[in-house]
$ cat coords-v3.txt   # compact mmCIF, C-alpha atoms
# COMPACT_ATOMS: atom_id res chain seq x y z
CA MET A 1 -2.21 9.18 -62.78
CA ASN A 2 -1.85 5.63 -64.20
CA ASP A 3 1.71 4.46 -64.72
CA LEU A 4 0.91 1.43 -66.91
CA PRO A 5 0.26 1.33 -70.66
CA GLU A 6 -3.21 0.11 -71.56
CA ASN A 7 -1.93 -3.06 -73.23
CA GLN A 8 -0.71 -4.43 -69.90
CA THR A 9 -3.83 -6.18 -68.70
CA THR A 10 -2.60 -8.79 -66.25
CA THR A 11 -3.57 -8.97 -62.60
CA ALA A 12 0.10 -8.62 -61.59
CA ALA A 13 0.26 -5.32 -63.49
CA LEU A 14 -2.63 -3.99 -61.41
CA PHE A 15 -0.80 -4.59 -58.17
CA ARG A 16 2.24 -2.66 -59.38
CA LEU A 17 0.08 0.44 -58.99
CA ARG A 18 0.83 1.79 -55.49
CA ASP A 19 -2.42 3.73 -55.15
CA PHE A 20 -4.49 0.75 -56.27
CA ARG A 21 -2.84 -1.36 -53.55
CA LEU A 22 -3.69 1.28 -50.94
CA TYR A 23 -7.27 1.46 -52.19
CA ILE A 24 -7.70 -2.31 -52.06
CA SER A 25 -6.22 -2.45 -48.55
CA ALA A 26 -8.58 0.28 -47.33
CA ARG A 27 -11.58 -1.39 -48.95
CA PHE A 28 -10.69 -4.68 -47.26
CA LEU A 29 -10.23 -3.17 -43.79
CA GLY A 30 -13.32 -0.96 -44.00
CA THR A 31 -15.60 -3.77 -45.09
CA LEU A 32 -14.06 -6.08 -42.50
CA GLY A 33 -14.89 -3.59 -39.76
CA MET A 34 -18.43 -3.05 -41.04
CA LEU A 35 -19.20 -6.79 -41.12
CA ILE A 36 -17.59 -7.49 -37.76
CA MET A 37 -19.72 -4.74 -36.24
CA SER A 38 -22.94 -5.88 -37.92
CA VAL A 39 -22.68 -9.36 -36.37
CA ALA A 40 -22.23 -7.92 -32.89
CA VAL A 41 -25.00 -5.32 -33.24
CA GLY A 42 -27.50 -7.81 -34.66
CA TRP A 43 -26.85 -10.35 -31.93
CA GLN A 44 -26.81 -7.74 -29.16
CA VAL A 45 -30.06 -6.06 -30.23
CA TYR A 46 -31.86 -9.39 -30.66
CA ASP A 47 -30.52 -10.57 -27.30
CA ILE A 48 -31.96 -7.44 -25.64
CA THR A 49 -35.33 -7.40 -27.43
CA GLU A 50 -35.92 -10.92 -28.84
CA SER A 51 -37.85 -9.11 -31.59
CA ALA A 52 -37.65 -9.62 -35.36
CA LEU A 53 -39.00 -6.11 -35.83
CA ALA A 54 -36.12 -4.72 -33.75
CA LEU A 55 -33.69 -6.33 -36.21
CA GLY A 56 -35.58 -4.61 -39.00
CA TYR A 57 -35.06 -1.27 -37.28
CA VAL A 58 -31.31 -1.96 -37.24
CA GLY A 59 -31.45 -1.80 -41.03
CA LEU A 60 -33.83 1.17 -41.08
CA ALA A 61 -31.58 3.22 -38.77
CA GLN A 62 -28.76 2.91 -41.31
CA PHE A 63 -31.00 3.33 -44.36
CA LEU A 64 -32.55 6.70 -43.49
CA PRO A 65 -29.25 8.67 -43.44
CA MET A 66 -28.27 7.03 -46.72
CA LEU A 67 -31.62 7.99 -48.23
CA LEU A 68 -31.13 11.62 -47.25
CA LEU A 69 -27.41 12.08 -47.84
CA THR A 70 -26.25 9.82 -50.66
CA LEU A 71 -27.24 12.10 -53.56
CA PRO A 72 -25.66 15.23 -52.01
CA ALA A 73 -22.59 13.11 -51.23
CA GLY A 74 -22.33 12.22 -54.93
CA ASP A 75 -22.22 15.89 -55.85
CA ILE A 76 -19.57 16.48 -53.18
CA ALA A 77 -17.52 13.58 -54.59
CA ASP A 78 -17.37 15.38 -57.97
CA ARG A 79 -16.24 18.66 -56.32
CA ILE A 80 -13.91 17.76 -53.43
CA ASP A 81 -10.87 15.51 -53.43
CA ARG A 82 -12.34 12.06 -52.77
CA ARG A 83 -9.40 11.00 -50.61
CA PHE A 84 -10.34 13.58 -47.96
CA ILE A 85 -14.03 12.64 -48.09
CA VAL A 86 -13.31 8.97 -47.41
CA ALA A 87 -10.81 9.79 -44.66
CA ALA A 88 -13.33 12.01 -42.86
CA ALA A 89 -16.05 9.37 -43.17
CA GLY A 90 -13.71 6.73 -41.73
CA ILE A 91 -13.22 8.88 -38.63
CA LEU A 92 -16.99 9.24 -38.30
CA GLU A 93 -17.36 5.43 -38.48
CA ALA A 94 -14.78 5.10 -35.71
CA VAL A 95 -16.82 7.53 -33.57
CA SER A 96 -19.95 5.40 -34.05
CA ALA A 97 -18.05 2.29 -32.96
CA GLY A 98 -16.86 4.18 -29.88
CA TRP A 99 -20.46 5.13 -29.11
CA LEU A 100 -21.44 1.45 -29.18
CA ILE A 101 -18.61 0.71 -26.75
CA LEU A 102 -20.01 3.32 -24.37
CA LEU A 103 -23.54 1.90 -24.62
CA THR A 104 -22.24 -1.59 -23.88
CA ILE A 105 -20.11 -0.51 -20.91
CA THR A 106 -23.06 1.36 -19.37
CA HIS A 107 -25.28 -1.72 -19.90
CA SER A 108 -27.88 0.29 -21.75
CA GLY A 109 -31.09 -1.67 -22.27
CA ASP A 110 -32.66 1.04 -24.42
CA VAL A 111 -32.06 -0.01 -28.02
CA THR A 112 -33.06 3.47 -29.20
CA TRP A 113 -29.50 4.61 -28.47
CA PHE A 114 -28.14 1.68 -30.47
CA TYR A 115 -30.25 2.86 -33.41
CA ALA A 116 -28.85 6.38 -32.96
CA ALA A 117 -25.27 5.06 -33.12
CA LEU A 118 -26.17 3.07 -36.23
CA ALA A 119 -27.73 6.18 -37.78
CA LEU A 120 -24.38 7.92 -37.30
CA PHE A 121 -22.68 4.94 -38.93
CA GLY A 122 -25.16 5.12 -41.83
CA THR A 123 -24.33 8.82 -42.20
CA ALA A 124 -20.63 7.99 -42.52
CA ARG A 125 -21.36 5.29 -45.09
CA ALA A 126 -23.54 7.66 -47.11
CA ILE A 127 -20.75 10.24 -47.23
CA MET A 128 -18.06 7.68 -48.03
CA ALA A 129 -19.77 5.48 -50.61
CA PRO A 130 -19.90 7.67 -53.76
CA ALA A 131 -16.33 8.93 -53.25
CA SER A 132 -14.94 5.46 -52.60
CA ARG A 133 -16.89 3.55 -55.24
CA SER A 134 -16.04 6.04 -58.03
CA PHE A 135 -12.31 5.92 -57.24
CA VAL A 136 -11.29 2.78 -59.15
CA PRO A 137 -11.61 4.26 -62.69
CA LEU A 138 -9.16 6.98 -61.62
CA LEU A 139 -6.52 4.48 -60.48
CA VAL A 140 -6.27 2.05 -63.41
CA PRO A 141 -6.19 2.20 -67.24
CA LYS A 142 -9.54 1.71 -68.96
CA ALA A 143 -8.46 -1.63 -70.41
CA GLN A 144 -7.86 -2.88 -66.86
CA LEU A 145 -11.17 -1.67 -65.42
CA PRO A 146 -13.15 -4.98 -65.59
CA ARG A 147 -10.28 -6.88 -64.00
CA ALA A 148 -9.72 -4.14 -61.39
CA ILE A 149 -13.38 -4.26 -60.41
CA ALA A 150 -13.17 -8.06 -60.13
CA VAL A 151 -10.10 -7.70 -57.86
CA SER A 152 -11.93 -5.08 -55.79
CA SER A 153 -14.96 -7.38 -55.54
CA SER A 154 -12.74 -10.31 -54.52
CA THR A 155 -11.18 -8.20 -51.79
CA PHE A 156 -14.60 -7.09 -50.64
CA GLN A 157 -15.87 -10.66 -50.54
CA MET A 158 -12.79 -11.88 -48.69
CA SER A 159 -13.56 -9.37 -45.95
CA VAL A 160 -17.21 -10.47 -46.05
CA ILE A 161 -16.05 -14.05 -45.46
CA LEU A 162 -13.69 -13.17 -42.64
CA GLY A 163 -15.72 -10.36 -41.06
CA PRO A 164 -18.74 -12.32 -39.77
CA ALA A 165 -16.55 -15.25 -38.66
CA ILE A 166 -14.18 -12.89 -36.83
CA GLY A 167 -17.15 -11.00 -35.40
CA GLY A 168 -18.71 -14.19 -34.02
CA PHE A 169 -15.34 -15.26 -32.59
CA LEU A 170 -14.56 -11.88 -31.01
CA TYR A 171 -18.05 -11.76 -29.50
CA LEU A 172 -16.96 -14.58 -27.19
CA TRP A 173 -14.90 -11.88 -25.42
CA GLY A 174 -17.85 -9.52 -25.41
CA PRO A 175 -19.15 -6.76 -27.69
CA VAL A 176 -16.64 -4.19 -26.36
CA THR A 177 -13.80 -6.18 -27.92
CA VAL A 178 -15.70 -6.30 -31.20
CA TYR A 179 -16.40 -2.57 -31.33
CA ALA A 180 -12.84 -1.62 -30.30
CA THR A 181 -11.48 -3.72 -33.15
CA CYS A 182 -13.85 -2.01 -35.58
CA CYS A 183 -12.81 1.42 -34.35
CA ALA A 184 -9.16 0.64 -35.11
CA LEU A 185 -10.00 -0.71 -38.58
CA PHE A 186 -12.00 2.39 -39.53
CA LEU A 187 -9.10 4.65 -38.53
CA CYS A 188 -6.78 2.56 -40.72
CA VAL A 189 -9.07 3.27 -43.68
CA SER A 190 -8.66 7.00 -43.13
CA VAL A 191 -4.88 6.71 -43.01
CA ALA A 192 -4.74 4.59 -46.18
CA PHE A 193 -6.80 7.05 -48.23
CA LEU A 194 -4.75 10.01 -47.05
CA ALA A 195 -1.65 8.15 -48.29
CA ILE A 196 -3.05 7.80 -51.85
CA ARG A 197 -1.27 10.18 -54.24
CA THR A 198 -3.81 10.20 -57.08
CA ARG A 199 -5.68 13.50 -57.11
CA THR A 200 -9.29 13.42 -58.18
CA LYS A 201 -10.36 15.91 -60.83
CA VAL A 202 -12.59 18.55 -59.25
CA GLU A 203 -15.39 19.78 -61.51
CA PRO A 204 -15.62 23.60 -61.79
CA GLN A 205 -18.61 25.36 -60.26
CA GLU A 206 -21.35 25.97 -62.85
CA PRO A 207 -22.76 29.51 -62.54
CA GLY A 208 -26.43 29.55 -61.59
CA VAL A 209 -26.61 25.79 -60.96
CA GLY A 210 -27.51 24.80 -57.41
CA ALA A 211 -26.28 21.79 -55.44
CA MET A 212 -29.65 20.03 -55.69
CA SER A 213 -29.74 20.46 -59.48
CA ARG A 214 -26.24 19.03 -59.77
CA ALA A 215 -27.19 16.07 -57.56
CA ILE A 216 -30.37 15.38 -59.54
CA ALA A 217 -28.34 15.42 -62.77
CA GLY A 218 -27.18 11.90 -61.89
CA ILE A 219 -30.78 10.67 -61.79
CA LEU A 220 -31.60 12.43 -65.07
CA TYR A 221 -28.63 10.83 -66.80
CA MET A 222 -29.63 7.43 -65.49
CA ARG A 223 -33.12 7.89 -66.97
CA ARG A 224 -31.55 8.62 -70.37
CA SER A 225 -29.44 5.46 -70.28
CA PRO A 226 -31.58 2.27 -70.38
CA ILE A 227 -28.56 0.11 -69.63
CA VAL A 228 -27.64 2.03 -66.47
CA LEU A 229 -31.26 2.32 -65.32
CA GLY A 230 -31.99 -1.35 -65.99
CA ALA A 231 -28.84 -2.64 -64.27
CA ILE A 232 -29.32 -0.49 -61.15
CA SER A 233 -33.05 -1.10 -60.78
CA LEU A 234 -32.71 -4.87 -61.35
CA ASP A 235 -30.27 -5.19 -58.47
CA LEU A 236 -32.36 -2.79 -56.39
CA PHE A 237 -35.43 -5.01 -56.43
CA ALA A 238 -33.45 -8.24 -56.20
CA VAL A 239 -31.75 -7.02 -53.01
CA LEU A 240 -34.93 -5.43 -51.65
CA LEU A 241 -36.96 -8.61 -52.12
CA GLY A 242 -34.35 -11.33 -51.86
CA GLY A 243 -32.28 -10.00 -48.98
CA ALA A 244 -32.81 -11.95 -45.77
CA VAL A 245 -29.60 -11.13 -43.89
CA ALA A 246 -31.50 -9.39 -41.08
CA LEU A 247 -33.29 -12.66 -40.29
CA LEU A 248 -30.13 -14.76 -39.95
CA PRO A 249 -29.98 -14.30 -36.14
CA ILE A 250 -33.48 -15.85 -35.95
CA TYR A 251 -32.40 -18.80 -38.11
CA ALA A 252 -29.22 -19.22 -36.05
CA ARG A 253 -30.95 -19.08 -32.68
CA ASP A 254 -34.53 -20.34 -33.12
CA ILE A 255 -34.61 -22.49 -36.28
CA LEU A 256 -31.14 -24.06 -36.65
CA ASP A 257 -29.92 -23.61 -33.04
CA VAL A 258 -26.28 -22.92 -34.00
CA GLY A 259 -25.54 -19.88 -31.81
CA PRO A 260 -23.39 -16.81 -32.61
CA THR A 261 -20.59 -18.91 -34.13
CA GLY A 262 -23.06 -20.53 -36.52
CA LEU A 263 -24.42 -17.08 -37.30
CA GLY A 264 -20.91 -16.01 -38.27
CA PHE A 265 -20.61 -18.95 -40.69
CA MET A 266 -24.04 -18.19 -42.14
CA ARG A 267 -23.09 -14.56 -42.69
CA ALA A 268 -19.85 -15.70 -44.34
CA ALA A 269 -21.40 -18.37 -46.60
CA PRO A 270 -22.63 -15.99 -49.36
CA ALA A 271 -19.15 -14.46 -49.49
CA VAL A 272 -17.57 -17.90 -49.97
CA GLY A 273 -19.55 -18.37 -53.16
CA ALA A 274 -18.94 -14.77 -54.19
CA ILE A 275 -15.19 -14.90 -53.79
CA VAL A 276 -14.88 -18.13 -55.78
CA VAL A 277 -16.76 -16.50 -58.64
CA SER A 278 -14.90 -13.19 -58.35
CA LEU A 279 -11.54 -14.96 -58.49
CA MET A 280 -12.72 -16.72 -61.64
CA LEU A 281 -13.64 -13.32 -63.08
CA VAL A 282 -10.18 -11.97 -62.22
CA TRP A 283 -8.62 -14.86 -64.10
CA ARG A 284 -11.13 -14.84 -66.96
CA PRO A 285 -13.41 -11.78 -67.31
CA LEU A 286 -16.81 -12.24 -68.93
CA GLY A 287 -16.85 -12.31 -72.72
CA ARG A 288 -20.09 -12.61 -74.67
CA ARG A 289 -23.82 -12.53 -73.81
CA THR A 290 -23.24 -10.45 -70.69
CA GLY A 291 -26.83 -9.24 -70.43
CA HIS A 292 -28.31 -12.74 -70.57
CA ILE A 293 -25.81 -13.93 -67.96
CA MET A 294 -26.81 -11.10 -65.61
CA PHE A 295 -30.52 -11.96 -65.75
CA ALA A 296 -29.85 -15.69 -65.36
CA CYS A 297 -27.76 -15.14 -62.23
CA VAL A 298 -30.39 -12.92 -60.58
CA ALA A 299 -32.93 -15.70 -61.21
CA ILE A 300 -30.58 -18.23 -59.59
CA PHE A 301 -30.28 -15.87 -56.61
CA GLY A 302 -34.07 -15.85 -56.21
CA ALA A 303 -34.33 -19.65 -56.43
CA ALA A 304 -31.53 -20.13 -53.87
CA THR A 305 -33.33 -17.71 -51.53
CA ILE A 306 -36.39 -19.96 -51.62
CA VAL A 307 -34.25 -23.00 -50.74
CA PHE A 308 -32.66 -21.09 -47.86
CA GLY A 309 -36.06 -20.05 -46.52
CA LEU A 310 -37.36 -23.64 -46.47
CA SER A 311 -34.20 -25.26 -45.09
CA GLU A 312 -34.09 -26.66 -41.55
CA ASN A 313 -30.66 -28.23 -42.07
CA PHE A 314 -27.55 -26.19 -41.32
CA ILE A 315 -25.48 -27.66 -44.18
CA LEU A 316 -28.25 -27.13 -46.75
CA THR A 317 -28.65 -23.57 -45.46
CA LEU A 318 -24.94 -22.90 -45.97
CA ILE A 319 -25.11 -24.35 -49.51
CA ALA A 320 -28.09 -22.17 -50.41
CA LEU A 321 -26.42 -19.07 -48.98
CA THR A 322 -23.23 -19.89 -50.90
CA ILE A 323 -25.16 -20.15 -54.18
CA MET A 324 -26.87 -16.86 -53.40
CA GLY A 325 -23.49 -15.19 -52.99
CA ALA A 326 -22.02 -16.75 -56.14
CA SER A 327 -24.91 -15.72 -58.38
CA ASP A 328 -25.10 -12.24 -56.88
CA MET A 329 -21.36 -11.73 -57.48
CA VAL A 330 -21.78 -12.10 -61.24
CA SER A 331 -24.58 -9.54 -61.28
CA VAL A 332 -22.57 -7.13 -59.12
CA ASN A 333 -19.48 -7.48 -61.32
CA ILE A 334 -21.43 -6.75 -64.49
CA ARG A 335 -23.23 -3.76 -62.98
CA SER A 336 -20.06 -2.33 -61.43
CA THR A 337 -18.31 -2.49 -64.81
CA LEU A 338 -21.26 -1.29 -66.89
CA ILE A 339 -21.86 1.92 -64.92
CA PRO A 340 -18.35 3.48 -65.23
CA LEU A 341 -18.23 2.52 -68.92
CA ALA A 342 -21.70 3.93 -69.61
CA THR A 343 -21.23 7.16 -67.62
CA PRO A 344 -19.24 10.31 -68.52
CA GLN A 345 -16.28 10.72 -66.14
CA GLN A 346 -17.43 14.17 -64.97
CA MET A 347 -20.72 12.68 -63.69
CA LEU A 348 -19.39 9.45 -62.24
CA GLY A 349 -19.60 10.58 -58.60
CA ARG A 350 -23.25 11.58 -58.94
CA VAL A 351 -24.30 8.50 -60.91
CA THR A 352 -22.42 6.32 -58.42
CA ALA A 353 -24.37 8.08 -55.66
CA VAL A 354 -27.63 7.12 -57.36
CA GLU A 355 -26.36 3.56 -57.63
CA MET A 356 -25.45 3.51 -53.95
CA LEU A 357 -28.79 4.99 -52.96
CA PHE A 358 -30.65 2.37 -54.96
CA ILE A 359 -28.37 -0.60 -54.24
CA GLY A 360 -26.40 0.12 -51.07
CA ALA A 361 -29.33 1.58 -49.16
CA SER A 362 -31.64 -1.14 -50.44
CA ASN A 363 -29.66 -3.63 -48.35
CA GLU A 364 -30.80 -1.85 -45.19
CA LEU A 365 -34.30 -1.25 -46.55
CA GLY A 366 -34.40 -4.92 -47.56
CA ASP A 367 -33.49 -5.84 -43.99
CA PHE A 368 -36.35 -3.66 -42.77
CA ARG A 369 -38.71 -5.28 -45.30
CA ALA A 370 -37.63 -8.73 -44.10
CA GLY A 371 -38.05 -7.81 -40.43
CA VAL A 372 -41.55 -6.36 -40.93
CA SER A 373 -42.60 -9.33 -43.10
CA ALA A 374 -41.30 -11.76 -40.48
CA ALA A 375 -43.21 -9.94 -37.74
CA LEU A 376 -46.42 -10.03 -39.82
CA PHE A 377 -46.26 -13.42 -41.55
CA GLY A 378 -43.48 -15.38 -39.84
CA THR A 379 -39.79 -15.81 -40.64
CA VAL A 380 -40.00 -18.53 -43.31
CA PRO A 381 -42.90 -16.94 -45.28
CA ALA A 382 -41.00 -13.63 -45.25
CA VAL A 383 -38.01 -15.23 -46.98
CA LEU A 384 -40.19 -17.15 -49.46
CA ILE A 385 -42.05 -13.98 -50.46
CA GLY A 386 -38.71 -12.35 -51.24
CA GLY A 387 -37.41 -15.26 -53.32
CA VAL A 388 -40.58 -15.58 -55.41
CA GLY A 389 -40.69 -11.80 -55.86
CA THR A 390 -37.12 -11.80 -57.18
CA LEU A 391 -38.00 -14.36 -59.85
CA GLY A 392 -40.94 -12.19 -60.89
CA VAL A 393 -38.73 -9.11 -61.18
CA VAL A 394 -36.33 -10.95 -63.51
CA GLY A 395 -39.13 -11.75 -65.95
CA ILE A 396 -40.53 -8.22 -65.90
CA TRP A 397 -37.13 -6.54 -66.30
CA MET A 398 -36.17 -8.72 -69.26
CA TRP A 399 -39.24 -7.30 -71.00
CA LEU A 400 -38.81 -3.69 -69.81
CA PHE A 401 -35.08 -3.36 -70.60
CA PRO A 402 -34.26 -5.19 -73.85
CA ASP A 403 -31.10 -3.06 -74.29
CA LEU A 404 -29.69 -4.47 -71.07
CA ARG A 405 -30.67 -8.01 -72.04
CA LYS A 406 -28.94 -7.61 -75.41
CA VAL A 407 -25.60 -6.37 -74.03
CA ASP A 408 -22.93 -8.62 -75.52
CA ARG A 409 -19.36 -7.50 -74.72
CA LEU A 410 -18.80 -5.03 -71.87
CA SER A 411 -16.19 -3.24 -73.99
CA ASP A 412 -18.94 -2.21 -76.43
CA VAL A 413 -20.80 -0.13 -73.82
CA LYS A 414 -20.50 3.65 -74.28
CA PRO A 415 -21.94 6.70 -72.47
CA VAL A 416 -25.19 8.15 -73.82
CA ALA A 417 -24.64 11.44 -75.65

$ encode --input "coords-v3.txt" --output "structure tokens"
Amino acid sequence: MNDLPENQTTTAALFRLRDFRLYISARFLGTLGMLIMSVAVGWQVYDITESALALGYVGLAQFLPMLLLTLPAGDIADRIDRRFIVAAAGILEAVSAGWLILLTITHSGDVTWFYAALALFGTARAIMAPASRSFVPLLVPKAQLPRAIAVSSSTFQMSVILGPAIGGFLYLWGPVTVYATCCALFLCVSVAFLAIRTRTKVEPQEPGVGAMSRAIAGILYMRRSPIVLGAISLDLFAVLLGGAVALLPIYARDILDVGPTGLGFMRAAPAVGAIVVSLMLVWRPLGRRTGHIMFACVAIFGAATIVFGLSENFILTLIALTIMGASDMVSVNIRSTLIPLATPQQMLGRVTAVEMLFIGASNELGDFRAGVSAALFGTVPAVLIGGVGTLGVVGIWMWLFPDLRKVDRLSDVKPVA
């Protein structure tokens, strides 16, 4: 499965692994397509409705399928070859992009159908996420895992930088061009995963154990591991409270007056900070006091959110968003390394599904929270509430999860018996 000895721990050694290169390429293209599409959908829906609440529903339409399907998808990821799962989900994403093309061509003014297409897209993401996210530990030696996750995060953030900017640029030619590009990218993801040679180990069927019991086993394991529970729940509430991405079209159009191109730069700014940090982590992975660093960076994220909410200057807004991305990247890197190290390999798909349900879906739920708060209290107060709430969560979680706070070296983390 891994053709490198564990003592080869350079970044160049990682890229000698053919399957790892295919995985990274697919991750880049898939995220690129998702971010390109999100810029177009957000702008198009707001242009039709001029409603902050409508932007919140964009997030909710993608969250609900993830809420319902992510845990079962984690069980499937432990029982079916993950390459085929991701390939099928990529095709489903391409279908959702094609649906958006049809809605645009027919000049549909009913955003309900846009939400339906996004619900299909959320379904594809729910199916794909556990299989894709739990793939890296199968492709690289254990000693290379922290660096491999940093490389994967860097690739992800590079697509996050380029995606919104490309989306804003392509939107000048109309949303059909945007969605057609996304459709092609999603199909490329399917092809790349089918080309991967690494076979995932399929867990044997346990007599008398139902699918729901197997899926819930991931939650039960997480409850037994304070480090896993603390890391996942900390990011959950930070994203839920601090996320304000859904409100960026309002800032771009009504507060900063920078248009769709400015919106693209605003969407890319957090990724600029994130990729700088992730490249630093590729070069020099974290050493000591990992738990303290994680809490400090989540606090910085909350403070930068407050600055972003108050800013009426485009440059200051970009700086605040960049700091948000940089601080969040450290937290993501630590969590993404902790969970595979603290989880038995035979349960990784299910635990990853719980992580995705709590973290991945919380992005959409956070967008819904932001949209509802903006509709009730105004855009700026909605962002400030989230930033202050994030700071409060950091203090509470440091008290609730001392084991997470005391984590020193990542290499010391082991699964709970």

$ atom_distance --input "coords-v3.txt" --atom1 "CA of Phe156 in chain A" --atom2 "CA of Val276 in chain A"
12.2 Å

$ atom_distance --input "coords-v3.txt" --atom1 "CA of Tyr57 in chain A" --atom2 "CA of Trp43 in chain A"
13.4 Å

$ closest_residue --input "coords-v3.txt" --among "A:Met324, A:Met356, A:Leu67, A:Ala97" --to "Ala268 in chain A" --atoms "all atoms listed in the file"
A:Met324

$ residues_around --input "coords-v3.txt" --residues "Asp328 in chain A" --least-positions-apart "3" --cutoff "7 Å" --atoms "all atoms listed in the file" --output "PyMOL selection string"
chain A and resi 297-298+301+324-325+331-332

$ closest_atom_pairs --input "coords-v3.txt" --of "range 279-351 of chain A" --to "range 394-397 of chain A" --cutoff "12 Å" --atoms "only C-alpha atoms" --output "tab-separated table"
residue	atom	partner	partner_atom	distance
A:Gly291	CA	A:Trp397	CA	11.4
A:His292	CA	A:Val394	CA	10.8
A:Ile293	CA	A:Val394	CA	11.8
A:Met294	CA	A:Val394	CA	9.8
A:Phe295	CA	A:Val394	CA	6.3
A:Ala296	CA	A:Val394	CA	8.2
A:Cys297	CA	A:Val394	CA	9.6
A:Val298	CA	A:Val394	CA	6.9
A:Ala299	CA	A:Val394	CA	6.3
A:Ile300	CA	A:Val394	CA	10.1
A:Phe301	CA	A:Val394	CA	10.4
A:Gly302	CA	A:Val394	CA	9.1
A:Ala303	CA	A:Val394	CA	11.4

$ residues_around --input "coords-v3.txt" --residues "Met128 in chain A" --least-positions-apart "4" --cutoff "6 Å" --atoms "only C-alpha atoms" --output "MDAnalysis selection string"
chainID A and resid 86 89 132

$ residues_near_point --input "coords-v3.txt" --point "(-32.3, -20.5, -53.2)" --cutoff "12 Å" --atoms "all atoms listed in the file" --output "ChimeraX atom specification"
/A:242-244,270,297-311,316-328,383-384,386-388,390-391

$ closest_residue --input "coords-v3.txt" --among "A:Val380, A:Val39, A:Ile161, A:Ala88" --to "Gly259 in chain A" --atoms "all atoms listed in the file"
A:Val39

$ residues_around --input "coords-v3.txt" --residues "range 98-107 of chain A" --least-positions-apart "3" --cutoff "9 Å" --atoms "all atoms listed in the file" --output "ChimeraX atom specification"
/A:41,93-95,113-114,117-118,175-180,182-183

$ closest_residue --input "coords-v3.txt" --among "A:Val258, A:Leu64, A:Ala217, A:Ile36" --to "Thr181 in chain A" --atoms "all atoms listed in the file"
A:Ile36

$ closest_residue --input "coords-v3.txt" --among "A:Gly30, A:Gly122, A:Pro164, A:Gly262" --to "Leu187 in chain A" --atoms "all atoms listed in the file"
A:Gly30

$ closest_residue --input "coords-v3.txt" --among "A:Ile232, A:Ile227, A:Ala13, A:Ile48" --to "Asp408 in chain A" --atoms "all atoms listed in the file"
A:Ile227

$ decode --input "coords-v3.txt" --residues "range 365-376 of chain A" --atoms "N, CA and C atoms" --output "PDB file, in the first residue's frame"
ATOM      1  N   LEU A 365     -24.681  25.171   8.572  1.00  0.00           N
ATOM      2  CA  LEU A 365     -25.552  25.596   9.668  1.00  0.00           C
ATOM      3  C   LEU A 365     -25.110  26.953  10.203  1.00  0.00           C
ATOM      4  N   GLY A 366     -23.788  27.192  10.221  1.00  0.00           N
ATOM      5  CA  GLY A 366     -23.279  28.497  10.627  1.00  0.00           C
ATOM      6  C   GLY A 366     -23.722  29.592   9.674  1.00  0.00           C
ATOM      7  N   ASP A 367     -23.758  29.259   8.365  1.00  0.00           N
ATOM      8  CA  ASP A 367     -24.265  30.226   7.389  1.00  0.00           C
ATOM      9  C   ASP A 367     -25.735  30.538   7.661  1.00  0.00           C
ATOM     10  N   PHE A 368     -26.504  29.496   7.999  1.00  0.00           N
ATOM     11  CA  PHE A 368     -27.914  29.708   8.307  1.00  0.00           C
ATOM     12  C   PHE A 368     -28.062  30.565   9.566  1.00  0.00           C
ATOM     13  N   ARG A 369     -27.239  30.273  10.576  1.00  0.00           N
ATOM     14  CA  ARG A 369     -27.258  31.054  11.822  1.00  0.00           C
ATOM     15  C   ARG A 369     -26.950  32.519  11.525  1.00  0.00           C
ATOM     16  N   ALA A 370     -25.942  32.742  10.681  1.00  0.00           N
ATOM     17  CA  ALA A 370     -25.561  34.115  10.338  1.00  0.00           C
ATOM     18  C   ALA A 370     -26.672  34.823   9.579  1.00  0.00           C
ATOM     19  N   GLY A 371     -27.309  34.109   8.632  1.00  0.00           N
ATOM     20  CA  GLY A 371     -28.381  34.722   7.850  1.00  0.00           C
ATOM     21  C   GLY A 371     -29.579  35.091   8.706  1.00  0.00           C
ATOM     22  N   VAL A 372     -29.981  34.181   9.612  1.00  0.00           N
ATOM     23  CA  VAL A 372     -31.111  34.467  10.500  1.00  0.00           C
ATOM     24  C   VAL A 372     -30.778  35.616  11.442  1.00  0.00           C
ATOM     25  N   SER A 373     -29.557  35.594  12.013  1.00  0.00           N
ATOM     26  CA  SER A 373     -29.143  36.671  12.925  1.00  0.00           C
ATOM     27  C   SER A 373     -29.120  38.022  12.216  1.00  0.00           C
ATOM     28  N   ALA A 374     -28.637  38.011  10.959  1.00  0.00           N
ATOM     29  CA  ALA A 374     -28.598  39.265  10.197  1.00  0.00           C
ATOM     30  C   ALA A 374     -29.995  39.781   9.923  1.00  0.00           C
ATOM     31  N   ALA A 375     -30.929  38.857   9.622  1.00  0.00           N
ATOM     32  CA  ALA A 375     -32.312  39.265   9.365  1.00  0.00           C
ATOM     33  C   ALA A 375     -32.964  39.828  10.625  1.00  0.00           C
ATOM     34  N   LEU A 376     -32.604  39.280  11.795  1.00  0.00           N
ATOM     35  CA  LEU A 376     -33.220  39.713  13.047  1.00  0.00           C
ATOM     36  C   LEU A 376     -32.559  40.943  13.644  1.00  0.00           C
TER      37      LEU A 376
END
